[in-house]
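J.: I'm passing along my_file.txt; it holds compact mmCIF, C-alpha atoms.
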```txt
# COMPACT_ATOMS: atom_id res chain seq x y z
CA MET A 63 -15.72 0.51 22.19
CA ARG A 64 -17.74 -1.17 19.42
CA ILE A 65 -15.61 -1.31 16.28
CA ALA A 66 -16.52 -2.46 12.78
CA VAL A 67 -13.78 -3.92 10.61
CA LEU A 68 -14.79 -3.04 7.06
CA SER A 69 -13.00 -5.41 4.71
CA ASN A 70 -13.46 -7.84 1.82
CA ILE A 71 -14.37 -11.50 1.75
CA PHE A 72 -12.54 -13.93 -0.50
CA GLU A 73 -13.71 -13.71 -4.14
CA GLU A 74 -13.69 -17.33 -5.29
CA LEU A 75 -14.29 -16.45 -8.94
CA SER A 76 -11.52 -13.86 -9.15
CA ASN A 77 -8.64 -14.54 -11.53
CA ARG A 78 -6.31 -12.93 -8.98
CA LYS A 79 -6.96 -15.24 -6.04
CA GLU A 80 -3.61 -14.46 -4.41
CA VAL A 81 -4.59 -10.81 -3.96
CA GLU A 82 -8.14 -11.65 -2.91
CA ASN A 83 -6.86 -14.07 -0.27
CA ASP A 84 -4.62 -11.34 1.14
CA LEU A 85 -7.54 -8.90 1.25
CA ALA A 86 -9.69 -11.43 3.09
CA LEU A 87 -6.88 -12.26 5.51
CA VAL A 88 -6.39 -8.67 6.63
CA GLY A 89 -9.91 -8.47 8.09
CA LYS A 90 -9.25 -11.41 10.45
CA SER A 91 -5.81 -10.04 11.34
CA VAL A 92 -7.21 -6.66 12.35
CA MET A 93 -10.16 -8.16 14.25
CA ASP A 94 -7.85 -10.36 16.31
CA ALA A 95 -5.61 -7.40 17.14
CA LEU A 96 -8.48 -5.17 18.29
CA LYS A 97 -10.12 -7.94 20.31
CA HIS A 98 -6.80 -8.43 22.10
CA TYR A 99 -7.29 -4.99 23.65
CA GLY A 100 -10.81 -5.72 24.84
CA HIS A 101 -12.99 -4.16 22.17
CA ASP A 102 -16.26 -5.47 20.76
CA VAL A 103 -15.37 -6.08 17.10
CA VAL A 104 -17.66 -7.06 14.23
CA PHE A 105 -16.94 -7.70 10.55
CA PHE A 106 -18.65 -6.00 7.62
CA ASP A 107 -18.08 -7.02 4.00
CA ALA A 108 -17.99 -4.07 1.59
CA ASN A 109 -20.92 -4.85 -0.68
CA GLU A 110 -24.19 -3.25 -1.84
CA ARG A 111 -25.89 -3.98 1.51
CA VAL A 112 -23.25 -2.50 3.81
CA PHE A 113 -24.56 1.10 3.77
CA GLU A 114 -27.89 0.13 5.29
CA LYS A 115 -26.29 -2.33 7.72
CA LEU A 116 -23.91 0.34 9.03
CA ARG A 117 -26.68 2.93 9.18
CA ARG A 118 -28.72 0.69 11.47
CA SER A 119 -25.77 -0.41 13.58
CA ASN A 120 -24.52 1.13 16.82
CA ILE A 121 -20.91 1.20 15.64
CA ASP A 122 -18.59 3.70 17.36
CA PHE A 123 -15.74 3.49 14.88
CA VAL A 124 -14.74 1.74 11.64
CA PHE A 125 -11.33 0.25 10.98
CA ASN A 126 -11.41 0.57 7.19
CA VAL A 127 -9.27 -1.98 5.36
CA CYS A 128 -11.59 -2.25 2.37
CA GLU A 129 -9.89 -2.27 -1.03
CA ARG A 130 -12.93 -3.36 -3.04
CA TRP A 131 -16.64 -2.62 -3.17
CA ASN A 132 -18.65 -5.49 -4.61
CA GLY A 133 -15.35 -6.83 -5.94
CA ASN A 134 -14.46 -3.61 -7.80
CA SER A 135 -11.29 -1.81 -6.70
CA PHE A 136 -12.28 1.42 -8.48
CA PHE A 137 -14.92 2.02 -5.81
CA GLU A 138 -12.53 1.93 -2.85
CA PRO A 139 -12.72 5.74 -2.40
CA HIS A 140 -16.52 5.56 -2.44
CA VAL A 141 -16.44 3.41 0.70
CA ALA A 142 -14.65 6.16 2.64
CA ALA A 143 -17.14 8.68 1.23
CA MET A 144 -20.00 6.44 2.39
CA LEU A 145 -18.62 6.45 5.94
CA GLU A 146 -18.46 10.24 5.87
CA LEU A 147 -22.07 10.42 4.67
CA LEU A 148 -23.06 8.16 7.55
CA GLY A 149 -21.07 10.26 9.99
CA ILE A 150 -19.05 7.26 11.20
CA PRO A 151 -15.39 7.97 12.05
CA TYR A 152 -12.87 5.65 10.41
CA THR A 153 -9.19 4.84 10.07
CA GLY A 154 -7.07 5.77 7.10
CA SER A 155 -7.18 8.29 4.29
CA GLY A 156 -10.27 10.06 3.00
CA PRO A 157 -12.03 9.71 -0.36
CA LEU A 158 -10.11 12.51 -2.09
CA THR A 159 -6.70 11.06 -1.24
CA LEU A 160 -7.82 7.53 -2.12
CA SER A 161 -9.20 8.69 -5.47
CA LEU A 162 -6.13 10.72 -6.28
CA CYS A 163 -3.60 8.02 -5.42
CA MET A 164 -5.52 5.45 -7.44
CA ASN A 165 -4.48 7.32 -10.59
CA LYS A 166 -0.71 7.11 -10.98
CA VAL A 167 -0.62 9.91 -13.57
CA ARG A 168 -2.46 12.40 -11.31
CA VAL A 169 0.04 11.64 -8.55
CA LYS A 170 2.97 12.15 -10.90
CA GLU A 171 1.57 15.50 -12.07
CA ILE A 172 1.36 16.73 -8.48
CA LEU A 173 4.84 15.45 -7.63
CA MET A 174 6.37 17.12 -10.70
CA HIS A 175 4.60 20.39 -9.91
CA HIS A 176 6.21 20.37 -6.46
CA GLY A 177 9.66 19.37 -7.74
CA ILE A 178 9.63 15.87 -6.26
CA PRO A 179 11.50 13.41 -8.52
CA THR A 180 9.38 10.83 -10.35
CA PRO A 181 10.24 9.08 -13.65
CA ASN A 182 9.41 10.89 -16.89
CA TYR A 183 6.34 9.41 -18.51
CA GLN A 184 3.79 9.41 -21.30
CA LEU A 185 0.15 8.31 -21.22
CA PHE A 186 -1.07 6.06 -24.05
CA TYR A 187 -4.76 5.73 -24.92
CA SER A 188 -3.80 3.86 -28.11
CA ARG A 189 -0.88 1.66 -29.08
CA ASN A 190 -0.44 3.84 -32.18
CA LYS A 191 0.18 7.10 -30.34
CA LYS A 192 3.44 8.76 -31.32
CA LEU A 193 6.18 8.15 -28.78
CA ASP A 194 7.57 11.22 -27.07
CA PRO A 195 11.13 11.56 -28.43
CA ASP A 196 12.35 12.79 -25.04
CA LEU A 197 11.58 9.42 -23.41
CA LYS A 198 14.59 7.15 -23.24
CA PHE A 199 14.54 3.34 -23.39
CA PRO A 200 14.28 1.12 -21.44
CA LEU A 201 10.70 1.97 -20.49
CA ILE A 202 8.23 0.23 -18.22
CA VAL A 203 4.55 -0.16 -19.14
CA LYS A 204 1.81 -0.50 -16.51
CA PRO A 205 -1.91 0.18 -16.05
CA VAL A 206 -2.76 3.68 -14.84
CA CYS A 207 -5.22 2.61 -12.14
CA MET A 208 -4.33 -0.80 -10.71
CA ASP A 209 -2.72 -1.76 -7.41
CA ASN A 210 -0.97 -4.83 -5.96
CA SER A 211 1.34 -5.00 -9.03
CA ILE A 212 -1.62 -6.12 -11.16
CA GLY A 213 -0.71 -5.73 -14.83
CA ILE A 214 3.04 -5.67 -14.15
CA THR A 215 4.88 -8.75 -15.36
CA ASN A 216 8.59 -9.33 -15.86
CA ASP A 217 8.25 -8.40 -19.53
CA SER A 218 6.72 -5.02 -18.66
CA VAL A 219 10.16 -3.45 -19.16
CA VAL A 220 10.52 -2.80 -22.90
CA LYS A 221 13.69 -2.02 -24.81
CA ASN A 222 12.41 -0.89 -28.19
CA GLU A 223 9.34 0.56 -29.86
CA GLU A 224 8.03 -2.77 -31.12
CA GLU A 225 7.98 -4.21 -27.58
CA LEU A 226 6.49 -0.96 -26.31
CA ARG A 227 3.52 -0.97 -28.67
CA SER A 228 2.82 -4.64 -28.06
CA LYS A 229 2.76 -4.11 -24.29
CA VAL A 230 0.71 -0.90 -24.52
CA GLY A 231 -1.88 -2.72 -26.63
CA TYR A 232 -2.03 -5.55 -24.10
CA ILE A 233 -2.61 -3.19 -21.16
CA ILE A 234 -5.35 -1.20 -22.91
CA ARG A 235 -7.07 -4.36 -24.15
CA THR A 236 -6.82 -6.32 -20.89
CA TYR A 237 -7.58 -3.64 -18.31
CA SER A 238 -9.79 -1.24 -20.31
CA GLN A 239 -7.72 1.76 -19.27
CA PRO A 240 -4.79 3.80 -20.60
CA ALA A 241 -1.22 2.54 -20.32
CA LEU A 242 1.32 4.49 -18.28
CA VAL A 243 4.77 4.41 -19.90
CA GLU A 244 7.65 5.51 -17.67
CA GLU A 245 11.38 5.69 -18.03
CA PHE A 246 12.74 2.68 -16.20
CA ILE A 247 15.01 3.59 -13.28
CA ASP A 248 17.52 0.75 -13.14
CA GLY A 249 18.46 1.00 -9.49
CA ARG A 250 17.73 -0.17 -5.97
CA GLU A 251 14.07 -0.24 -4.92
CA PHE A 252 12.78 0.76 -1.49
CA THR A 253 9.43 0.94 0.23
CA ILE A 254 8.93 3.26 3.19
CA GLY A 255 6.09 3.01 5.70
CA LEU A 256 4.85 5.91 7.81
CA LEU A 257 2.55 6.02 10.85
CA GLY A 258 0.60 8.94 12.22
CA ASN A 259 -0.44 12.50 11.42
CA ASN A 260 1.22 15.92 11.78
CA LYS A 261 4.64 14.46 12.66
CA PRO A 262 4.39 10.87 11.39
CA LEU A 263 6.86 8.21 12.39
CA ILE A 264 8.97 6.94 9.48
CA LEU A 265 9.49 3.20 9.84
CA PRO A 266 12.71 1.44 8.82
CA ILE A 267 13.25 1.37 5.07
CA ILE A 268 12.68 -1.98 3.34
CA GLU A 269 14.75 -2.79 0.26
CA ILE A 270 13.26 -5.05 -2.39
CA ASN A 271 16.39 -7.03 -3.26
CA PHE A 272 16.60 -8.51 -6.78
CA GLN A 273 20.17 -9.80 -6.61
CA LYS A 274 19.08 -13.45 -6.84
CA TYR A 275 17.08 -12.90 -10.03
CA PRO A 276 18.30 -15.05 -12.92
CA GLU A 277 20.33 -13.46 -15.68
CA GLY A 278 18.09 -11.74 -18.19
CA ALA A 279 15.20 -11.19 -15.79
CA ASN A 280 14.17 -7.59 -15.24
CA LYS A 281 14.73 -6.44 -11.67
CA ILE A 282 11.21 -5.33 -10.84
CA LEU A 283 8.53 -6.27 -8.34
CA SER A 284 6.13 -7.95 -10.76
CA TYR A 285 2.86 -9.69 -10.00
CA GLU A 286 4.64 -13.05 -10.23
CA SER A 287 7.43 -12.12 -7.82
CA LYS A 288 4.96 -10.63 -5.34
CA TRP A 289 2.13 -13.18 -5.40
CA HIS A 290 2.93 -16.39 -7.28
CA LYS A 291 4.54 -18.69 -4.75
CA ASP A 292 5.19 -21.28 -7.46
CA SER A 293 7.21 -18.76 -9.48
CA SER A 294 11.01 -18.84 -9.26
CA LEU A 295 10.97 -15.05 -9.05
CA TYR A 296 8.89 -15.23 -5.84
CA ASP A 297 11.70 -17.04 -4.02
CA ASP A 298 14.39 -14.91 -5.66
CA CYS A 299 12.84 -11.64 -4.49
CA GLU A 300 13.95 -10.80 -0.95
CA ASP A 301 12.92 -8.10 1.51
CA VAL A 302 15.78 -6.57 3.50
CA CYS A 303 14.81 -4.53 6.55
CA PRO A 304 16.33 -2.27 7.53
CA ALA A 305 17.90 -1.57 4.15
CA ASP A 306 21.69 -1.58 4.12
CA ILE A 307 22.32 1.93 2.81
CA PRO A 308 24.53 4.87 3.83
CA LYS A 309 23.04 7.27 6.34
CA TYR A 310 22.92 10.15 3.87
CA ILE A 311 20.94 8.02 1.37
CA GLU A 312 18.61 6.90 4.16
CA ALA A 313 18.00 10.52 5.15
CA ARG A 314 17.38 11.52 1.53
CA VAL A 315 14.90 8.72 0.90
CA LYS A 316 13.01 9.34 4.15
CA LYS A 317 12.82 13.08 3.43
CA VAL A 318 11.18 12.45 0.06
CA ALA A 319 8.81 9.87 1.56
CA LEU A 320 7.69 12.31 4.25
CA GLU A 321 7.18 15.11 1.71
CA VAL A 322 4.95 12.89 -0.43
CA TYR A 323 2.98 11.57 2.58
CA GLU A 324 2.17 15.10 3.73
CA LEU A 325 1.62 16.57 0.25
CA LEU A 326 -1.02 13.98 -0.66
CA ASP A 327 -2.66 14.30 2.78
CA LEU A 328 -2.45 10.69 3.92
CA LYS A 329 -4.01 9.83 7.24
CA ASP A 330 -2.86 7.46 10.01
CA TYR A 331 -0.59 5.26 7.86
CA GLY A 332 0.80 4.90 4.35
CA ARG A 333 3.63 3.61 2.21
CA ILE A 334 5.77 5.13 -0.54
CA ASP A 335 7.64 3.12 -3.19
CA ILE A 336 10.92 4.63 -4.40
CA ARG A 337 13.70 3.77 -6.85
CA LEU A 338 17.21 5.09 -6.33
CA SER A 339 18.99 6.14 -9.55
CA SER A 340 22.68 5.54 -10.17
CA ASP A 341 23.40 9.15 -9.18
CA GLY A 342 21.58 8.79 -5.86
CA ILE A 343 18.29 10.51 -6.71
CA PRO A 344 15.21 8.91 -5.07
CA TYR A 345 12.45 8.69 -7.69
CA VAL A 346 8.91 8.18 -6.38
CA LEU A 347 7.17 5.29 -8.16
CA GLU A 348 3.90 5.09 -6.27
CA MET A 349 1.99 6.34 -3.26
CA ASN A 350 -0.03 3.83 -1.22
CA PRO A 351 -2.70 5.18 1.16
CA ASN A 352 -4.22 2.49 3.40
CA PRO A 353 -1.51 0.02 2.31
CA GLY A 354 -1.69 -3.72 2.92
CA ILE A 355 -1.43 -4.74 6.58
CA SER A 356 -2.28 -8.43 6.49
CA SER A 357 -0.42 -11.03 8.49
CA GLU A 358 -0.44 -14.78 8.90
CA ILE A 359 0.67 -14.24 12.49
CA PHE A 360 -2.08 -13.35 14.97
CA SER A 361 -0.69 -14.03 18.43
CA ASP A 362 3.10 -14.30 18.37
CA ASN A 363 4.61 -10.98 19.42
CA SER A 364 8.08 -12.21 18.51
CA ALA A 365 7.33 -12.83 14.82
CA GLU A 366 10.17 -12.23 12.40
CA ILE A 367 9.68 -9.87 9.46
CA SER A 368 9.51 -12.86 7.09
CA ASP A 369 6.32 -13.99 8.84
CA TYR A 370 4.35 -11.01 7.56
CA ASN A 371 2.66 -10.77 4.17
CA ASP A 372 2.74 -6.99 3.80
CA TYR A 373 5.47 -4.40 4.07
CA LEU A 374 4.15 -2.18 6.86
CA PRO A 375 4.01 -5.02 9.43
CA LYS A 376 7.48 -6.10 8.29
CA ALA A 377 8.90 -2.64 8.90
CA ALA A 378 7.24 -2.44 12.31
CA ALA A 379 8.57 -5.87 13.27
CA ALA A 380 12.09 -4.67 12.46
CA ILE A 381 11.89 -2.27 15.44
CA GLY A 382 10.28 -4.84 17.71
CA VAL A 383 6.66 -3.75 17.27
CA SER A 384 4.24 -6.67 17.18
CA TYR A 385 1.38 -6.90 14.74
CA LYS A 386 -1.26 -6.20 17.38
CA GLU A 387 0.66 -3.15 18.56
CA LEU A 388 0.87 -1.84 14.99
CA ILE A 389 -2.86 -2.20 14.40
CA TYR A 390 -3.66 -0.52 17.68
CA ARG A 391 -1.33 2.37 16.94
CA ILE A 392 -3.08 2.99 13.60
CA PHE A 393 -6.38 2.91 15.46
CA SER A 394 -5.15 5.38 18.10
CA HIS A 395 -3.94 7.83 15.43
CA ALA A 396 -7.42 7.81 13.89
CA LEU A 397 -9.02 8.35 17.31
CA GLU A 398 -6.76 11.35 17.92
CA ARG A 399 -7.77 12.89 14.58
CA TYR A 400 -11.42 12.73 15.57
CA GLY A 401 -10.82 13.95 19.12
CA MET A 402 -11.95 10.60 20.50
CA PHE A 403 -8.79 9.41 22.19
CA GLU A 404 -10.24 9.96 25.68
CA GLN A 405 -12.98 7.43 24.91
CA LEU A 406 -10.46 4.65 24.47
CA GLN A 407 -11.00 1.83 26.93
CA THR A 408 -8.81 -1.23 27.21
CA ILE A 409 -8.57 -4.30 29.34
CA LYS A 410 -5.49 -5.72 30.98
CA THR A 411 -3.58 -7.63 28.32
CA GLU A 412 -0.09 -8.96 27.72
CA THR A 413 0.83 -5.59 26.26
CA PRO A 414 -1.09 -2.66 27.84
CA PHE A 415 -1.91 0.14 25.44
CA ALA A 416 0.23 2.66 27.35
CA GLU A 417 3.24 0.52 26.48
CA VAL A 418 2.22 0.48 22.83
CA VAL A 419 2.09 4.27 22.72
CA GLU A 420 5.48 4.60 24.42
CA LYS A 421 7.06 1.92 22.23
CA ILE A 422 6.04 3.42 18.88
CA ALA A 423 6.06 7.13 19.73
```
Is it possible to express this structure as structure tokens?
T.:
Amino acid sequence: MRIAVLSNIFEELSNRKEVENDLALVGKSVMDALKHYGHDVVFFDANERVFEKLRRSNIDFVFNVCERWNGNSFFEPHVAAMLELLGIPYTGSGPLTLSLCMNKVRVKEILMHHGIPTPNYQLFYSRNKKLDPDLKFPLIVKPVCMDNSIGITNDSVVKNEEELRSKVGYIIRTYSQPALVEEFIDGREFTIGLLGNNKPLILPIIEINFQKYPEGANKILSYESKWHKDSSLYDDCEDVCPADIPKYIEARVKKVALEVYELLDLKDYGRIDIRLSSDGIPYVLEMNPNPGISSEIFSDNSAEISDYNDYLPKAAAAIGVSYKELIYRIFSHALERYGMFEQLQTIKTETPFAEVVEKIA
């Protein structure tokens, strides 16, 4: 099968080079995994010329790991829409889900309508807007439409109105979008990956452990702790998989994650970020369709979870699923959705595809 990996090249001029490097890395990771199973794989950068290139190509399928179009993350849903216009089948969620999940407030409105816990919030278009008296400090301030923890720093948690208005003004000024202000849930943080459609597999829960944070630091996954390797918070932030939690909490968290995955109509794979309150309520922070799946490991099937950049490969590794197997499973779920599974052809490899299906089913 001839497969196009639609991804992003490294943006040298970006002021967020850590994120851009991860986006560029994922394309190579996915290409290596698909080639392992004998497919003809080509790379396409998501830019203004890609529509015509794809239209003229003889591509059978697209593995869509694009998070930018011409360097702009707001156009990620348009890329999926482009593939639908071209009639080319692709992995991952469609344009409606991608557009919806890009806006954190729209997601929260849907969750609240369906009775799924998410922190109380207020949207600020101006730093001078009157604060809702029902909101209780501490609060956390973040951009409405940014991913990869962009705009979230360790001082994003505010404890009074003066700090709040200063941070709201910074977000609006810096990112040219409203500021989302949420009640801060001071509890354990989890991220839950899911694979598949109809009855998706829920991968082991990963806990984002902040116990090593220095005194006075807010226990959040900020841009520094996620991307800045020279930051002390980067080393102090640990991923624990599977999370060490009671079975009833595990069941509760997974139930909420599955409800959100199905409600927002994610396809093939996704990830949900959750905070657990002191009274054991799992509050949904964010929904991630087509989440990061990059890896610095391309050939070692025995890689530890610490070898992977992104959470979904880490969770898969915790149950003994290699990176190549994970990528191929995502691909197979997409093929099944399009009724193309019978067309799948593989070559004899170290791990035959039949074993991948049995291992992850």
J.: May I have a table of the residues of range 176-285 of chain A lying at most 6 Å from range 293-307 of chain A, giving each one's closest pair of atoms and their distance in Å to one decimal, counting all atoms listed in the file, ordered by chain and ascending residue number, as JSON lines?
T.:
```
{"residue": "A:Pro266", "atom": "CA", "partner": "A:Pro304", "partner_atom": "CA", "distance": 5.3}
{"residue": "A:Ile267", "atom": "CA", "partner": "A:Pro304", "partner_atom": "CA", "distance": 5.4}
{"residue": "A:Ile268", "atom": "CA", "partner": "A:Cys303", "partner_atom": "CA", "distance": 4.6}
{"residue": "A:Glu269", "atom": "CA", "partner": "A:Val302", "partner_atom": "CA", "distance": 5.1}
{"residue": "A:Ile270", "atom": "CA", "partner": "A:Asp301", "partner_atom": "CA", "distance": 5.0}
{"residue": "A:Asn271", "atom": "CA", "partner": "A:Glu300", "partner_atom": "CA", "distance": 5.1}
{"residue": "A:Phe272", "atom": "CA", "partner": "A:Cys299", "partner_atom": "CA", "distance": 5.4}
{"residue": "A:Lys274", "atom": "CA", "partner": "A:Asp298", "partner_atom": "CA", "distance": 5.1}
{"residue": "A:Tyr275", "atom": "CA", "partner": "A:Asp298", "partner_atom": "CA", "distance": 5.5}
```
J.: Between A:Glu244, A:Glu321, A:Glu404, A:Asp94, which has the minimum distance to Ile65 in chain A (counting all atoms listed in the file)?
T.: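 So, comparing all the options, the nearest one is A:Asp94.
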J.: Could you tell me how far CA of Tyr390 in chain A sits from CA of Met208 in chain A, in Å to one decimal place?
T.: 28.4 Å
J.: When you look at Tyr187 in chain A with a cut-off of 8 Å (counting only C-alpha atoms), what residues show up, excluding the ones that are within fewer than 3 positions of it in the same chain? I need them as a compact mmCIF listing (two decimals) with C-alpha atoms, in the coordinates of the input.
T.:
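Here's the written file result27.txt:
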```txt
# COMPACT_ATOMS: atom_id res chain seq x y z
CA LYS A 191 0.18 7.10 -30.34
CA ILE A 234 -5.35 -1.20 -22.91
CA GLN A 239 -7.72 1.76 -19.27
CA PRO A 240 -4.79 3.80 -20.60
CA ALA A 241 -1.22 2.54 -20.32
```
J.: Which of these residues is nearest to Asn260 in chain A, using all atoms listed in the file: A:Val219, A:Leu328, A:Ala378, A:Leu242?
T.: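 Closest to Asn260 in chain A of all the choices is A:Leu328.
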J.: Taking a cut-off of 12 Å and counting all atoms listed in the file, can you build a table that, for each residue of range 381-409 of chain A near range 107-130 of chain A, reports the nearest atom pair and how far apart they are in Å (one decimal), sorted by chain then residue number, as a tab-separated table?
T.:
```
residue	atom	partner	partner_atom	distance
A:Ile389	CA	A:Phe125	CA	9.5
A:Tyr390	CA	A:Phe125	CA	10.2
A:Arg391	CA	A:Phe125	CA	11.8
A:Ile392	CA	A:Phe125	CA	9.1
A:Phe393	CA	A:Phe125	CA	7.2
A:Ser394	CA	A:Phe125	CA	10.7
A:His395	CA	A:Phe125	CA	11.5
A:Ala396	CA	A:Phe125	CA	9.0
A:Leu397	CA	A:Phe123	CA	8.6
A:Tyr400	CA	A:Phe123	CA	10.2
A:Met402	CA	A:Phe123	CA	9.8
A:Phe403	CA	A:Phe123	CA	11.7
A:Gln405	CA	A:Asp122	CA	10.1
A:Leu406	CA	A:Asp122	CA	10.8
```
